[in-house]
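Participant: Here you go, this is my_file.cif (mmCIF, C-alpha atoms).
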```
data_start
#
loop_
_atom_site.label_atom_id
_atom_site.label_comp_id
_atom_site.auth_asym_id
_atom_site.auth_seq_id
_atom_site.Cartn_x
_atom_site.Cartn_y
_atom_site.Cartn_z
CA MET A 1 -89.54 40.47 57.38
CA ALA A 2 -93.16 40.48 57.66
CA ARG A 3 -93.80 39.07 61.06
CA VAL A 4 -97.21 38.49 62.57
CA VAL A 5 -98.36 36.97 65.81
CA VAL A 6 -101.77 35.56 66.59
CA ASN A 7 -103.01 34.40 69.94
CA VAL A 8 -105.83 31.86 69.80
CA PRO A 9 -106.67 29.44 72.63
CA ALA A 10 -105.69 25.88 71.63
CA SER A 11 -108.92 24.40 72.90
CA ALA A 12 -112.33 25.66 73.91
CA LYS A 13 -115.78 24.42 74.87
CA ARG A 14 -118.47 24.51 72.20
CA GLY A 15 -120.33 27.80 72.34
CA GLU A 16 -117.67 29.50 74.41
CA VAL A 17 -116.71 33.05 73.45
CA ILE A 18 -112.96 33.16 72.84
CA GLU A 19 -110.75 36.19 72.52
CA ILE A 20 -108.36 36.38 69.58
CA ARG A 21 -105.44 38.80 69.62
CA THR A 22 -103.44 39.62 66.51
CA LEU A 23 -100.33 41.68 66.02
CA ALA A 24 -98.61 42.50 62.74
CA GLY A 25 -95.12 43.92 62.60
CA HIS A 26 -95.45 46.96 60.36
CA VAL A 27 -94.24 50.59 60.50
CA MET A 28 -97.64 52.00 59.45
CA GLU A 29 -96.03 55.06 57.85
CA THR A 30 -98.77 57.70 57.83
CA GLY A 31 -97.84 59.64 54.71
CA PHE A 32 -97.92 62.87 56.71
CA ARG A 33 -94.34 62.83 57.95
CA ARG A 34 -91.39 64.47 56.24
CA THR A 35 -87.70 63.69 56.22
CA GLU A 36 -85.31 66.28 57.64
CA ARG A 37 -84.88 67.58 54.07
CA GLY A 38 -88.58 68.24 53.79
CA VAL A 39 -89.46 65.38 51.47
CA LEU A 40 -92.80 63.75 52.24
CA ILE A 41 -92.45 60.09 53.21
CA PRO A 42 -94.99 58.12 51.14
CA ARG A 43 -97.79 56.30 52.92
CA ASP A 44 -97.14 52.65 53.70
CA ILE A 45 -99.81 51.04 55.86
CA ILE A 46 -101.84 47.88 56.26
CA THR A 47 -105.28 48.70 54.91
CA ARG A 48 -107.29 45.57 55.52
CA PHE A 49 -107.48 42.68 57.94
CA VAL A 50 -109.71 39.63 57.55
CA CYS A 51 -110.21 36.61 59.80
CA THR A 52 -111.97 33.46 58.61
CA TYR A 53 -113.04 30.47 60.69
CA ASN A 54 -113.16 27.27 58.58
CA GLY A 55 -113.59 29.42 55.51
CA VAL A 56 -116.33 31.67 56.90
CA GLU A 57 -115.46 35.32 57.47
CA ILE A 58 -116.04 36.18 61.12
CA PHE A 59 -114.23 39.50 61.44
CA SER A 60 -112.75 42.11 59.15
CA ALA A 61 -111.43 45.63 59.54
CA GLU A 62 -110.30 48.57 57.46
CA LEU A 63 -107.24 50.25 58.88
CA HIS A 64 -106.24 53.89 58.42
CA PRO A 65 -103.04 55.87 59.03
CA ALA A 66 -104.21 56.67 62.56
CA MET A 67 -103.55 53.09 63.60
CA ALA A 68 -100.42 52.80 65.71
CA ALA A 69 -97.34 51.08 64.33
CA ASN A 70 -97.44 47.28 64.67
CA PRO A 71 -101.24 47.24 64.60
CA LEU A 72 -102.83 45.18 67.34
CA ILE A 73 -106.38 44.03 66.82
CA SER A 74 -108.23 42.04 69.41
CA PHE A 75 -111.73 40.65 68.94
CA THR A 76 -113.94 37.74 69.99
CA THR A 77 -115.69 34.84 68.34
CA VAL A 78 -117.86 31.90 69.35
CA ALA A 79 -116.03 28.56 69.28
CA THR A 80 -118.37 26.55 67.05
CA GLU A 81 -116.28 23.63 65.78
CA SER A 82 -112.72 22.35 65.60
CA GLY A 83 -110.76 23.67 62.69
CA ALA A 84 -108.52 26.41 61.46
CA LEU A 85 -108.60 30.16 61.70
CA GLU A 86 -107.03 32.08 58.83
CA PHE A 87 -105.79 35.60 59.24
CA ARG A 88 -104.91 37.86 56.34
CA TRP A 89 -103.41 41.33 56.33
CA THR A 90 -103.13 43.32 53.11
CA GLY A 91 -101.77 46.79 52.54
CA ASP A 92 -99.82 49.30 50.47
CA ASN A 93 -96.91 48.27 48.23
CA GLY A 94 -98.29 44.77 47.80
CA TYR A 95 -98.09 43.87 51.49
CA ALA A 96 -99.88 40.57 52.05
CA VAL A 97 -99.36 38.19 54.95
CA THR A 98 -101.38 35.21 56.04
CA GLU A 99 -101.25 33.27 59.26
CA SER A 100 -103.33 30.40 60.56
CA ALA A 101 -104.09 28.85 63.91
CA LYS A 102 -105.75 25.60 64.94
CA ILE A 103 -108.43 25.26 67.55
CA SER A 104 -110.00 22.11 68.96
CA VAL A 105 -113.53 22.47 70.24
CA ALA A 106 -114.91 19.90 72.65
CA MET B 107 -77.58 100.56 70.92
CA ILE B 108 -80.94 99.96 69.30
CA SER B 109 -82.47 102.96 67.58
CA ARG B 110 -86.06 104.01 68.03
CA ARG B 111 -86.74 103.23 64.37
CA ASP B 112 -85.28 99.71 64.62
CA PHE B 113 -87.23 99.05 67.78
CA LEU B 114 -90.53 100.04 66.20
CA LEU B 115 -89.82 98.01 63.09
CA PHE B 116 -88.89 94.97 65.13
CA SER B 117 -91.83 95.19 67.51
CA SER B 118 -94.33 95.61 64.67
CA CYS B 119 -92.91 92.49 63.00
CA VAL B 120 -93.27 90.51 66.22
CA LEU B 121 -96.83 91.74 66.65
CA ALA B 122 -97.76 90.90 63.07
CA SER B 123 -96.33 87.40 63.30
CA SER B 124 -98.02 86.68 66.61
CA GLN B 125 -101.32 87.83 65.14
CA ALA B 126 -100.83 85.56 62.14
CA ALA B 127 -100.16 82.64 64.48
CA ALA B 128 -103.26 83.48 66.46
CA GLN B 129 -105.34 83.39 63.30
CA LEU B 130 -104.09 80.01 62.16
CA PRO B 131 -105.55 77.61 64.76
CA PRO B 132 -109.24 78.47 64.31
CA ASN B 133 -108.97 77.83 60.57
CA ILE B 134 -107.32 74.48 61.09
CA ALA B 135 -109.79 73.65 63.85
CA ALA B 136 -112.68 74.44 61.51
CA LEU B 137 -111.13 72.30 58.75
CA ARG B 138 -110.64 69.42 61.17
CA GLN B 139 -114.22 69.70 62.40
CA ALA B 140 -115.51 69.65 58.81
CA ALA B 141 -113.32 66.65 57.96
CA LEU B 142 -114.60 64.80 61.04
CA GLU B 143 -118.23 65.52 60.20
CA GLU B 144 -117.71 64.45 56.61
CA ALA B 145 -116.03 61.20 57.69
CA ILE B 146 -118.89 60.38 60.06
CA ARG B 147 -121.42 61.31 57.38
CA LYS B 148 -119.68 58.93 54.97
CA VAL B 149 -120.21 56.07 57.40
CA VAL B 150 -123.67 56.75 58.78
CA GLY B 151 -125.28 58.51 55.81
CA ASP B 152 -128.38 60.41 56.85
CA ALA B 153 -129.06 58.22 59.87
CA GLN B 154 -129.17 59.76 63.32
CA VAL B 155 -126.36 58.91 65.73
CA ARG B 156 -127.54 58.64 69.31
CA PRO B 157 -125.31 58.59 72.38
CA GLY B 158 -125.50 55.40 74.47
CA LYS B 159 -125.02 51.61 74.32
CA VAL B 160 -121.37 52.09 73.33
CA LYS B 161 -118.53 52.25 75.84
CA LEU B 162 -115.25 53.64 74.58
CA ASP B 163 -112.45 52.94 76.99
CA LEU B 164 -109.15 54.79 76.75
CA PRO B 165 -106.90 56.63 79.19
CA PRO B 166 -108.00 60.25 79.74
CA LEU B 167 -104.39 61.44 79.97
CA ILE B 168 -102.08 60.18 77.24
CA ASP B 169 -98.32 60.56 77.58
CA ASN B 170 -97.48 59.27 74.13
CA GLY B 171 -100.00 59.78 71.35
CA ASN B 172 -98.19 57.36 69.06
CA THR B 173 -99.59 54.30 70.78
CA VAL B 174 -102.87 54.73 72.59
CA PRO B 175 -104.58 51.53 73.73
CA LEU B 176 -108.33 51.73 73.40
CA SER B 177 -111.24 49.35 73.50
CA VAL B 178 -114.86 49.59 72.47
CA THR B 179 -117.63 47.54 74.04
CA VAL B 180 -121.20 47.66 72.79
CA ASP B 181 -124.17 46.56 74.87
CA SER B 182 -125.71 43.97 72.55
CA PRO B 183 -126.88 40.33 72.85
CA MET B 184 -125.08 39.53 69.53
CA THR B 185 -127.82 37.24 68.21
CA GLU B 186 -128.86 36.76 64.61
CA ALA B 187 -131.72 39.21 65.11
CA ASP B 188 -129.90 41.82 67.16
CA HIS B 189 -126.18 42.28 66.75
CA VAL B 190 -123.53 44.90 66.10
CA LYS B 191 -122.57 45.05 62.44
CA ALA B 192 -119.68 47.47 62.64
CA ILE B 193 -117.68 49.62 65.02
CA HIS B 194 -116.00 52.77 63.70
CA ILE B 195 -113.49 54.87 65.59
CA PHE B 196 -112.73 58.52 64.78
CA THR B 197 -110.45 61.16 66.23
CA GLU B 198 -111.11 64.87 66.14
CA LYS B 199 -107.63 66.31 65.69
CA ASN B 200 -105.83 63.89 63.37
CA PRO B 201 -105.05 64.91 59.76
CA GLN B 202 -107.46 62.13 58.81
CA PRO B 203 -110.25 61.39 61.28
CA PHE B 204 -110.59 57.65 60.53
CA VAL B 205 -108.82 55.17 62.81
CA ILE B 206 -110.46 51.80 62.13
CA SER B 207 -113.68 50.29 60.89
CA ALA B 208 -114.29 46.82 62.29
CA HIS B 209 -117.00 44.50 60.95
CA LEU B 210 -118.56 42.04 63.38
CA GLY B 211 -121.47 39.65 63.29
CA PRO B 212 -123.51 37.25 65.40
CA ARG B 213 -120.54 34.85 65.40
CA SER B 214 -118.50 37.39 67.32
CA GLY B 215 -120.29 36.37 70.51
CA ARG B 216 -119.45 39.64 72.23
CA ALA B 217 -119.32 43.12 70.76
CA ARG B 218 -115.89 44.11 71.92
CA ILE B 219 -112.75 45.11 70.07
CA SER B 220 -109.50 46.59 71.25
CA THR B 221 -106.66 48.11 69.32
CA ARG B 222 -104.02 50.84 69.46
CA ALA B 223 -104.33 54.22 67.77
CA ARG B 224 -102.31 57.33 67.04
CA ILE B 225 -103.83 60.47 68.45
CA ALA B 226 -102.44 63.78 67.22
CA ASP B 227 -103.67 66.20 69.82
CA THR B 228 -105.85 66.90 72.82
CA GLY B 229 -109.44 66.47 71.72
CA LYS B 230 -112.29 64.08 71.29
CA VAL B 231 -112.24 60.41 70.30
CA ILE B 232 -115.52 59.04 68.99
CA ALA B 233 -116.71 55.45 68.63
CA ILE B 234 -119.80 54.73 66.55
CA ALA B 235 -121.53 51.35 66.45
CA GLN B 236 -123.85 50.27 63.66
CA LEU B 237 -126.50 47.80 64.84
CA SER B 238 -128.25 45.19 62.71
CA ASP B 239 -131.52 47.15 62.94
CA GLY B 240 -129.83 50.07 61.16
CA SER B 241 -129.48 52.36 64.17
CA TYR B 242 -126.24 54.09 65.13
CA TRP B 243 -124.98 54.65 68.67
CA SER B 244 -121.92 56.51 69.81
CA ASP B 245 -119.65 57.33 72.70
CA THR B 246 -117.31 60.30 72.90
CA VAL B 247 -114.30 60.63 75.19
CA SER B 248 -112.17 63.74 75.61
CA VAL B 249 -108.49 63.04 76.04
CA VAL B 250 -105.43 65.11 76.86
CA VAL B 251 -102.30 64.29 74.86
CA THR B 252 -98.88 65.42 76.11
CA LEU B 253 -96.66 64.04 73.34
CA SER B 254 -98.66 64.06 70.15
CA ALA B 255 -98.34 61.72 67.21
CA CYS B 256 -97.28 63.29 63.88
CA LEU B 257 -95.90 66.30 65.75
CA GLU B 258 -93.17 67.12 63.23
CA ASP B 259 -95.40 67.84 60.26
CA GLY B 260 -96.59 71.19 61.61
CA LEU B 261 -100.19 70.36 60.76
CA ILE B 262 -101.44 70.66 64.29
#
```
Take the structure I supplied and represent it as structure tokens, if you would.
Facilitator:
Amino acid sequence: MARVVVNVPASAKRGEVIEIRTLAGHVMETGFRRTERGVLIPRDIITRFVCTYNGVEIFSAELHPAMAANPLISFTTVATESGALEFRWTGDNGYAVTESAKISVA
Amino acid sequence: MISRRDFLLFSSCVLASSQAAAQLPPNIAALRQAALEEAIRKVVGDAQVRPGKVKLDLPPLIDNGNTVPLSVTVDSPMTEADHVKAIHIFTEKNPQPFVISAHLGPRSGRARISTRARIADTGKVIAIAQLSDGSYWSDTVSVVVTLSACLEDGLI
């Protein structure tokens, strides 16, 4: 159900700036829309995204209803050492998804 | 055959409703402006926001406001002493002005993020960057939206 995709280069040179792209499959219901019977559809969005690199937080973001559905977030980091990147999305109605990616730094 | 009385009644109704419609947008516009200023105030506090250093990149003409690709680049060396701490994106015409607040640091290497937003209507999009020295810089882009996001709620 909850599908996420992360794009991290498999290997990098030490000190190189790498781009990380993340995509989470989510409707991001704004809470401003109504059904055809006039009932307000409750808000259901991802509110927070955190990325850690070997346990150290390198990027985080607060998301709001004005994010498009299936929120895409792309950012950069310096490849310091080989290890794992952890990604975590949390949101309304107990939404919580984690994903990880490995990187080898030469 | 329409009588003179009916015609006058009808035309006055049409006039009254068109006047009511004409009065609505400025009120909403003022509310939106106040909401935008309050949202920015919440982020920057009493600090002054200066234009410059920030480059907000998004298409000037948007066909579909539901998915608008945008990227923000800040001119910064991203060192321990001088880096971008956060990038905030706001829109002028959305029911809520906030889009995203991203927190960066010296480990980011480059001060650049890209994402996709919903934009409700033709208006301004603002990116504000908070630097490690406590200063705030911004860039504003005016966009034209043909198909707006959240069109059906009648808020726009």
Participant: To verify the selection step, state as a list in words which residues the PyMOL selection byres ((chain A and resi 50-58) around 7) yields on this input.
Facilitator: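 Output of the PyMOL selection byres ((chain A and resi 50-58) around 7): Arg48, Phe49, Phe59, Ser60, Ala61, Gly83, Ala84, Leu85, Glu86, Phe87, Arg88 and Trp89 of chain A; Leu210, Gly211, Arg213 and Ser214 of chain B.
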Participant: With a cut-off of 9 Å, could you pull out the residues of chain A touching chain B and give me the nearest pair of atoms for each, distance in Å to one decimal, using all atoms listed in the file, ordered by chain and ascending number, as CSV?
Facilitator:
```
residue,atom,partner,partner_atom,distance
A:Gly15,CA,B:Gly215,CA,8.8
A:Glu16,CA,B:Gly215,CA,8.3
A:Val17,CA,B:Gly215,CA,5.7
A:Ile18,CA,B:Gly215,CA,8.3
A:Arg21,CA,B:Ser220,CA,8.9
A:Thr30,CA,B:Cys256,CA,8.4
A:Phe32,CA,B:Asp259,CA,6.6
A:Arg33,CA,B:Asp259,CA,5.6
A:Arg34,CA,B:Asp259,CA,6.6
A:Ile58,CA,B:Arg213,CA,6.4
A:Phe59,CA,B:Leu210,CA,5.4
A:Ser60,CA,B:His209,CA,5.2
A:Ala61,CA,B:Ala208,CA,4.1
A:Glu62,CA,B:Ser207,CA,5.1
A:Leu63,CA,B:Ile206,CA,4.8
A:His64,CA,B:Val205,CA,5.3
A:Pro65,CA,B:Val205,CA,6.9
A:Ala66,CA,B:Val205,CA,4.9
A:Met67,CA,B:Ala223,CA,4.4
A:Ala68,CA,B:Ala223,CA,4.6
A:Ala69,CA,B:Thr173,CA,7.6
A:Asn70,CA,B:Arg222,CA,8.9
A:Pro71,CA,B:Arg222,CA,6.7
A:Leu72,CA,B:Thr221,CA,5.2
A:Ile73,CA,B:Thr221,CA,4.8
A:Ser74,CA,B:Ser220,CA,5.1
A:Phe75,CA,B:Ile219,CA,4.7
A:Thr76,CA,B:Ser214,CA,5.3
A:Thr77,CA,B:Ser214,CA,3.9
A:Val78,CA,B:Gly215,CA,5.2
A:Ala79,CA,B:Arg213,CA,8.7
A:Thr80,CA,B:Arg213,CA,8.7
```
Participant: So which one's closest to Leu23 (chain A), A:Ile41, A:Tyr95, A:Ser104, A:Val5? Using only C-alpha atoms, please.
Facilitator: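 Smallest distance to Leu23 (chain A) is found for A:Val5.
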Participant: Please indicate the distance in Å from CA of Asp227 (chain B) to CA of Asp245 (chain B), rounded to one decimal place.
Facilitator: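 CA of Asp245 (chain B) lies at a distance of 18.5 Å from CA of Asp227 (chain B).
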Participant: Between A:Ile46, A:Val39, A:Ile20, A:Val6, single out the one closest to Asn93 (chain A), counting only C-alpha atoms.
Facilitator: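 Counting only C-alpha atoms, the residue closest to Asn93 (chain A) is A:Ile46.
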Participant: Considering all atoms listed in the file, state which residue in the set A:Glu29, A:Glu99, A:Glu81, A:Glu19 is at the smallest distance from Arg43 (chain A).
Facilitator: A:Glu29
Participant: Which value, in Å to one decimal, gives the distance between CA of Arg138 (chain B) and CA of Thr252 (chain B)?
Facilitator: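 Answer for the CA of Arg138 (chain B) to CA of Thr252 (chain B) separation: 19.4 Å.
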Participant: Might I get the box with edges along x, y and z of the file that holds all atoms of region 75-87 of chain A listed there, padded by 3 Å on every side, given as centre and edge lengths in Å to one decimal, as lines of an AutoDock Vina configuration file?
Facilitator:
```
center_x = -112.1
center_y = 31.5
center_z = 64.4
size_x = 18.6
size_y = 24.3
size_z = 17.2
```
Participant: Between B:Gly229, B:Ile168, B:Asp188, B:Ser182, single out the one closest to Ala135 (chain B), counting all atoms listed in the file.
Facilitator: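 Of B:Gly229, B:Ile168, B:Asp188, B:Ser182, the one nearest Ala135 (chain B) is B:Gly229, counting all atoms listed in the file.
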Participant: Within 8 Å of Ser82 (chain A), counting only C-alpha atoms, which residues show up once you throw out same-chain ones fewer than 5 positions away? Write them as a VMD selection string, please.
Facilitator: chain A and resid 102 to 106
Participant: So what do you get for CA of Pro166 (chain B) versus CA of Val251 (chain B), distance-wise?
Facilitator: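 A separation of 8.5 Å between them.
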